[in-house]
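Novice: Input file: run.cif. Contents: mmCIF, C-alpha atoms.
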data_work
loop_
_atom_site.label_atom_id
_atom_site.label_comp_id
_atom_site.auth_asym_id
_atom_site.auth_seq_id
_atom_site.Cartn_x
_atom_site.Cartn_y
_atom_site.Cartn_z
CA MET A 1449 10.83 23.50 -81.31
CA THR A 1450 8.32 21.59 -83.43
CA THR A 1451 4.81 23.02 -83.48
CA LEU A 1452 2.07 20.44 -83.06
CA THR A 1453 -1.19 20.64 -84.90
CA ALA A 1454 -4.38 19.16 -83.49
CA ALA A 1455 -3.93 16.26 -85.93
CA ALA A 1456 -0.49 15.48 -84.46
CA ARG A 1457 -1.97 14.93 -80.98
CA TYR A 1458 -3.56 11.70 -79.90
CA SER A 1459 -7.34 11.69 -79.69
CA ARG A 1460 -9.03 12.37 -76.35
CA GLY A 1461 -10.08 8.73 -76.17
CA ALA A 1462 -6.53 7.47 -76.76
CA ILE A 1463 -5.18 9.92 -74.17
CA ALA A 1464 -7.81 8.83 -71.62
CA LEU A 1465 -7.08 5.13 -72.23
CA HIS A 1466 -3.32 5.77 -71.94
CA TRP A 1467 -3.55 7.54 -68.57
CA ILE A 1468 -6.22 5.27 -67.07
CA MET A 1469 -4.19 2.21 -67.99
CA ALA A 1470 -0.94 3.76 -66.75
CA ALA A 1471 -2.60 4.48 -63.40
CA LEU A 1472 -4.03 0.93 -63.17
CA ILE A 1473 -0.67 -0.63 -64.04
CA VAL A 1474 1.16 1.46 -61.42
CA LEU A 1475 -1.55 0.67 -58.86
CA ASN A 1476 -1.18 -3.04 -59.57
CA PHE A 1477 2.59 -2.87 -59.04
CA VAL A 1478 1.98 -1.09 -55.74
CA LEU A 1479 -0.62 -3.64 -54.61
CA ALA A 1480 1.69 -6.55 -55.44
CA GLU A 1481 4.54 -4.93 -53.49
CA MET A 1482 2.27 -4.18 -50.51
CA ALA A 1483 1.05 -7.78 -50.48
CA GLU A 1484 4.63 -9.07 -50.05
CA ASP A 1485 4.82 -7.89 -46.43
CA ALA A 1486 1.13 -8.03 -45.52
CA SER A 1487 -0.59 -10.38 -43.10
CA LYS A 1488 -2.48 -13.31 -44.59
CA ASP A 1489 -5.86 -11.51 -44.42
CA GLU A 1490 -4.46 -8.24 -45.81
CA ARG A 1491 -2.61 -10.13 -48.52
CA SER A 1492 -5.82 -11.84 -49.57
CA ILE A 1493 -7.60 -8.48 -49.95
CA LEU A 1494 -4.66 -6.84 -51.74
CA MET A 1495 -4.21 -9.75 -54.14
CA GLY A 1496 -7.95 -9.96 -54.76
CA ASN A 1497 -7.87 -6.33 -55.89
CA HIS A 1498 -4.64 -6.97 -57.82
CA LYS A 1499 -6.31 -9.80 -59.75
CA ALA A 1500 -9.46 -7.79 -60.50
CA ILE A 1501 -7.41 -4.80 -61.67
CA GLY A 1502 -5.31 -7.15 -63.81
CA ILE A 1503 -8.42 -8.45 -65.57
CA THR A 1504 -9.58 -4.84 -65.97
CA ILE A 1505 -6.23 -3.96 -67.57
CA LEU A 1506 -6.65 -6.90 -69.95
CA LEU A 1507 -10.13 -5.70 -70.95
CA PHE A 1508 -8.93 -2.10 -71.37
CA THR A 1509 -6.07 -3.43 -73.52
CA LEU A 1510 -8.56 -5.08 -75.85
CA VAL A 1511 -10.50 -1.81 -76.03
CA ARG A 1512 -7.26 0.06 -76.66
CA ILE A 1513 -6.27 -2.31 -79.49
CA GLY A 1514 -9.69 -1.81 -81.07
CA TRP A 1515 -9.32 1.95 -80.66
CA LYS A 1516 -5.86 1.84 -82.24
CA LEU A 1517 -7.16 -0.14 -85.21
CA ALA A 1518 -10.07 2.26 -85.71
CA ARG A 1519 -8.01 5.42 -85.09
CA PRO A 1520 -4.33 5.00 -85.94
CA ALA A 1521 -1.81 7.02 -83.95
CA PRO A 1522 -0.79 10.39 -85.35
CA PRO A 1523 2.55 10.47 -87.16
CA LEU A 1524 5.67 10.82 -85.06
CA VAL A 1525 7.27 14.25 -84.89
CA ASP A 1526 9.57 14.77 -87.84
CA THR A 1527 12.62 15.59 -85.71
CA LEU A 1528 13.05 12.02 -84.43
CA LYS A 1529 16.14 10.15 -85.54
CA ALA A 1530 15.50 6.88 -87.36
CA TRP A 1531 16.66 4.84 -84.35
CA GLU A 1532 14.33 6.80 -82.04
CA ALA A 1533 11.34 6.16 -84.30
CA ALA A 1534 12.22 2.45 -84.54
CA LEU A 1535 12.73 2.19 -80.78
CA SER A 1536 9.39 3.91 -80.18
CA LYS A 1537 7.60 1.36 -82.36
CA VAL A 1538 9.35 -1.58 -80.66
CA VAL A 1539 8.65 -0.30 -77.13
CA HIS A 1540 4.99 0.42 -77.90
CA GLY A 1541 4.60 -3.00 -79.52
CA LEU A 1542 6.14 -4.64 -76.45
CA PHE A 1543 3.80 -2.67 -74.19
CA TYR A 1544 0.79 -4.13 -76.01
CA VAL A 1545 2.21 -7.67 -75.85
CA LEU A 1546 2.90 -7.26 -72.12
CA MET A 1547 -0.49 -5.67 -71.38
CA LEU A 1548 -1.99 -8.88 -72.78
CA ALA A 1549 0.57 -11.40 -71.49
CA ILE A 1550 0.90 -10.20 -67.89
CA PRO A 1551 -2.80 -10.35 -66.95
CA LEU A 1552 -3.34 -13.56 -68.94
CA ALA A 1553 -0.44 -15.27 -67.15
CA GLY A 1554 -1.68 -13.98 -63.78
CA TRP A 1555 -5.22 -15.14 -64.55
CA ALA A 1556 -3.87 -18.54 -65.62
CA ALA A 1557 -1.81 -18.80 -62.41
CA SER A 1558 -4.85 -17.89 -60.33
CA SER A 1559 -6.97 -20.41 -62.24
CA ALA A 1560 -4.40 -23.18 -61.78
CA TRP A 1561 -3.80 -22.42 -58.09
CA GLY A 1562 -7.47 -21.83 -57.27
CA ASN A 1563 -8.58 -25.11 -58.87
CA GLY A 1564 -10.89 -23.30 -61.24
CA ALA A 1565 -12.31 -20.70 -58.86
CA PRO A 1566 -13.43 -17.49 -60.61
CA VAL A 1567 -11.63 -14.18 -60.11
CA ASP A 1568 -13.80 -11.91 -57.97
CA MET A 1569 -14.29 -8.63 -59.84
CA PHE A 1570 -14.67 -6.21 -56.92
CA GLY A 1571 -17.67 -8.12 -55.59
CA LEU A 1572 -19.68 -7.39 -58.75
CA PHE A 1573 -19.27 -10.74 -60.53
CA GLY A 1574 -16.80 -13.58 -60.94
CA MET A 1575 -14.59 -13.84 -64.01
CA PRO A 1576 -14.50 -17.54 -64.89
CA ALA A 1577 -11.24 -19.40 -64.48
CA LEU A 1578 -9.18 -20.14 -67.56
CA PRO A 1579 -9.17 -23.76 -68.72
CA VAL A 1580 -5.67 -24.60 -67.51
CA GLU A 1581 -4.25 -27.57 -65.66
CA HIS A 1582 -4.77 -27.21 -61.92
CA GLY A 1583 -1.97 -27.69 -59.46
CA LYS A 1584 1.17 -26.27 -57.95
CA GLU A 1585 3.41 -26.97 -60.97
CA SER A 1586 1.09 -25.31 -63.47
CA ALA A 1587 0.41 -22.37 -61.15
CA GLY A 1588 4.15 -21.97 -60.57
CA LEU A 1589 4.90 -21.87 -64.29
CA PHE A 1590 2.22 -19.26 -65.00
CA GLY A 1591 3.24 -17.33 -61.89
CA GLU A 1592 6.86 -17.22 -63.08
CA ILE A 1593 5.77 -15.98 -66.51
CA HIS A 1594 3.58 -13.36 -64.80
CA GLU A 1595 6.42 -12.09 -62.58
CA THR A 1596 9.06 -12.11 -65.34
CA THR A 1597 6.87 -10.23 -67.81
CA ALA A 1598 5.86 -7.77 -65.06
CA LYS A 1599 9.55 -7.03 -64.40
CA LEU A 1600 10.03 -6.39 -68.11
CA MET A 1601 7.00 -4.08 -68.03
CA PHE A 1602 8.55 -2.16 -65.14
CA VAL A 1603 11.80 -1.68 -67.07
CA LEU A 1604 9.94 -0.56 -70.21
CA PHE A 1605 7.77 1.77 -68.12
CA VAL A 1606 10.85 3.47 -66.63
CA LEU A 1607 12.49 3.77 -70.08
CA HIS A 1608 9.24 5.14 -71.53
CA VAL A 1609 8.99 7.84 -68.86
CA LEU A 1610 12.68 8.73 -69.19
CA GLY A 1611 12.32 8.93 -72.98
CA ALA A 1612 9.28 11.19 -72.69
CA LEU A 1613 11.12 13.47 -70.25
CA LYS A 1614 14.18 13.56 -72.55
CA HIS A 1615 12.03 14.57 -75.52
CA HIS A 1616 10.25 17.22 -73.48
CA PHE A 1617 13.10 18.84 -71.56
CA ILE A 1618 16.18 18.17 -73.70
CA ASP A 1619 14.96 17.80 -77.30
CA ARG A 1620 11.93 20.08 -76.82
CA ASP A 1621 10.36 18.40 -79.83
CA GLY A 1622 6.71 18.26 -78.76
CA THR A 1623 6.60 14.47 -78.40
CA MET A 1624 5.26 14.56 -74.85
CA ARG A 1625 2.60 17.14 -75.69
CA ARG A 1626 1.00 14.62 -78.00
CA MET A 1627 -0.17 12.51 -75.02
CA VAL A 1628 -0.26 14.89 -72.04
CA PRO A 1629 -3.57 16.79 -72.10
CA TRP A 1630 -2.46 19.74 -69.98
CA LEU A 1631 0.61 20.53 -72.10
CA LYS A 1632 -0.13 22.91 -74.96
#
For the structure just supplied, provide its representation as structure tokens.

Specialist:
Amino acid sequence: MTTLTAAARYSRGAIALHWIMAALIVLNFVLAEMAEDASKDERSILMGNHKAIGITILLFTLVRIGWKLARPAPPLVDTLKAWEAALSKVVHGLFYVLMLAIPLAGWAASSAWGNGAPVDMFGLFGMPALPVEHGKESAGLFGEIHETTAKLMFVLFVLHVLGALKHHFIDRDGTMRRMVPWLK
């Protein structure tokens, strides 16, 4: 079993951003699924929250990118195979692309469908619409991009969790302890 030093763990800020964003992303998947079978009024409330959380995820992603640039990730554990290290970098890179693309596509779809209406941010303020073409065709295109990239995010999320569990329970290499605050 590899012993982790404090330097090999992610910083408290990176850990907090990781878990807050993971919770928001899961919550947004749940809200979207709940909205599928909801009444019109319930759907409106659920999707309003879904949109506001999506914009919040986008903003947190920008913060997280800034954090990552200012404080690079600790080195990977030295027991990883070359393909595991490469896969880790690809998956994490895709996560960042998707954490930008999914909310931007959803925001664009909302802007196109809502004819420029702002996204209500939990009743606190309105996030201005993106300057996109209004109409059903444009909204449909952005909506399709939003749904397709969200499905890819779901697949990556499942693979990420399975990989973390594999490293923790099978490899016992300390990889998961780098990001889980309660594991020593």

Novice: One number please: atom CA of Ala1556 of chain A to atom CA of Ala1587 of chain A, in Å, one decimal.

Specialist: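 One can read the atom CA of Ala1556 of chain A to atom CA of Ala1587 of chain A distance as 7.3 Å.
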
Novice: Can you turn the PyMOL selection byres ((chain A and resi 1500) around 9) into a concrete residue list for this file, as a PDB file with C-alpha atoms, in the coordinates of the input?

Specialist:
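Saved result, result_0.pdb, follows:
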ATOM      1  CA  MET A1495      -4.210  -9.750 -54.140  1.00  0.00           C
ATOM      2  CA  GLY A1496      -7.950  -9.960 -54.760  1.00  0.00           C
ATOM      3  CA  ASN A1497      -7.870  -6.330 -55.890  1.00  0.00           C
ATOM      4  CA  HIS A1498      -4.640  -6.970 -57.820  1.00  0.00           C
ATOM      5  CA  LYS A1499      -6.310  -9.800 -59.750  1.00  0.00           C
ATOM      6  CA  ILE A1501      -7.410  -4.800 -61.670  1.00  0.00           C
ATOM      7  CA  GLY A1502      -5.310  -7.150 -63.810  1.00  0.00           C
ATOM      8  CA  ILE A1503      -8.420  -8.450 -65.570  1.00  0.00           C
ATOM      9  CA  THR A1504      -9.580  -4.840 -65.970  1.00  0.00           C
ATOM     10  CA  ILE A1505      -6.230  -3.960 -67.570  1.00  0.00           C
ATOM     11  CA  VAL A1567     -11.630 -14.180 -60.110  1.00  0.00           C
ATOM     12  CA  ASP A1568     -13.800 -11.910 -57.970  1.00  0.00           C
ATOM     13  CA  MET A1569     -14.290  -8.630 -59.840  1.00  0.00           C
ATOM     14  CA  PHE A1570     -14.670  -6.210 -56.920  1.00  0.00           C
ATOM     15  CA  MET A1575     -14.590 -13.840 -64.010  1.00  0.00           C
TER      16      MET A1575
END

Novice: Would you compute, for all listed atoms of segment 1608-1611 of chain A, the axis-aligned bounding box grown by 3 Å on each side, and then report its centre and edge lengths in Å rounded to one decimal, as AutoDock Vina command-line options?

Specialist:
--center_x 10.8 --center_y 7.0 --center_z -70.9 --size_x 9.7 --size_y 9.8 --size_z 10.1

Novice: Could you check how far atom CA of Ala1560 of chain A sits from atom CA of Phe1543 of chain A, in Å to one decimal?

Specialist: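 The value is 25.3 Å.
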
Novice: Sorted by chain and rising residue number, list the residues of segment 1519-1618 of chain A at most 10 Å from segment 1626-1631 of chain A (counting only C-alpha atoms), each with its closest atom pair and distance in Å to one decimal, as a tab-separated table.

Specialist:
residue	atom	partner	partner_atom	distance
A:Pro1522	CA	A:Arg1626	CA	8.7
A:Leu1524	CA	A:Arg1626	CA	9.3
A:Val1525	CA	A:Arg1626	CA	9.3
A:Ala1612	CA	A:Met1627	CA	9.8

Novice: I'd like the contact shell of Ala1483 of chain A - 9 Å cut-off, all atoms listed in the file, skipping same-chain residues fewer than 3 positions apart - returned as a PyMOL selection string.

Specialist: chain A and resi 1478-1480+1486-1488+1490-1495

Novice: Neighbours of Val1511 of chain A within 12 Å (all atoms listed in the file; same-chain residues fewer than 3 positions away dropped), as a list in words?

Specialist: Gly1461, Ala1462, Ala1464, Leu1465, His1466, Met1469, Thr1504, Ile1505, Leu1506, Leu1507, Phe1508, Gly1514, Trp1515, Lys1516, Leu1517, Ala1518, Arg1519, Tyr1544, Met1547 and Leu1548 of chain A

Novice: Apply the PyMOL selection byres ((chain A and resi 1597-1608) around 10) to the file shown and report the selected residues as a list in words.

Specialist: Ala1470, Ile1473, Val1474, Phe1477, Ser1536, Val1539, His1540, Leu1542, Phe1543, Val1545, Leu1546, Met1547, Ala1549, Ile1550, Pro1551, Ala1553, Gly1554, Gly1591, Glu1592, Ile1593, His1594, Glu1595, Thr1596, Val1609, Leu1610, Gly1611, Ala1612, Leu1613 and Lys1614 of chain A

Novice: Suppose we keep C-alpha atoms; can you now write the selection as a CSV table (one decimal), in the coordinates of the input?

Specialist:
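The new file part.csv reads:
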chain,number,residue,atom,x,y,z
A,1470,ALA,CA,-0.9,3.8,-66.8
A,1473,ILE,CA,-0.7,-0.6,-64.0
A,1474,VAL,CA,1.2,1.5,-61.4
A,1477,PHE,CA,2.6,-2.9,-59.0
A,1536,SER,CA,9.4,3.9,-80.2
A,1539,VAL,CA,8.6,-0.3,-77.1
A,1540,HIS,CA,5.0,0.4,-77.9
A,1542,LEU,CA,6.1,-4.6,-76.4
A,1543,PHE,CA,3.8,-2.7,-74.2
A,1545,VAL,CA,2.2,-7.7,-75.8
A,1546,LEU,CA,2.9,-7.3,-72.1
A,1547,MET,CA,-0.5,-5.7,-71.4
A,1549,ALA,CA,0.6,-11.4,-71.5
A,1550,ILE,CA,0.9,-10.2,-67.9
A,1551,PRO,CA,-2.8,-10.4,-67.0
A,1553,ALA,CA,-0.4,-15.3,-67.2
A,1554,GLY,CA,-1.7,-14.0,-63.8
A,1591,GLY,CA,3.2,-17.3,-61.9
A,1592,GLU,CA,6.9,-17.2,-63.1
A,1593,ILE,CA,5.8,-16.0,-66.5
A,1594,HIS,CA,3.6,-13.4,-64.8
A,1595,GLU,CA,6.4,-12.1,-62.6
A,1596,THR,CA,9.1,-12.1,-65.3
A,1609,VAL,CA,9.0,7.8,-68.9
A,1610,LEU,CA,12.7,8.7,-69.2
A,1611,GLY,CA,12.3,8.9,-73.0
A,1612,ALA,CA,9.3,11.2,-72.7
A,1613,LEU,CA,11.1,13.5,-70.2
A,1614,LYS,CA,14.2,13.6,-72.6
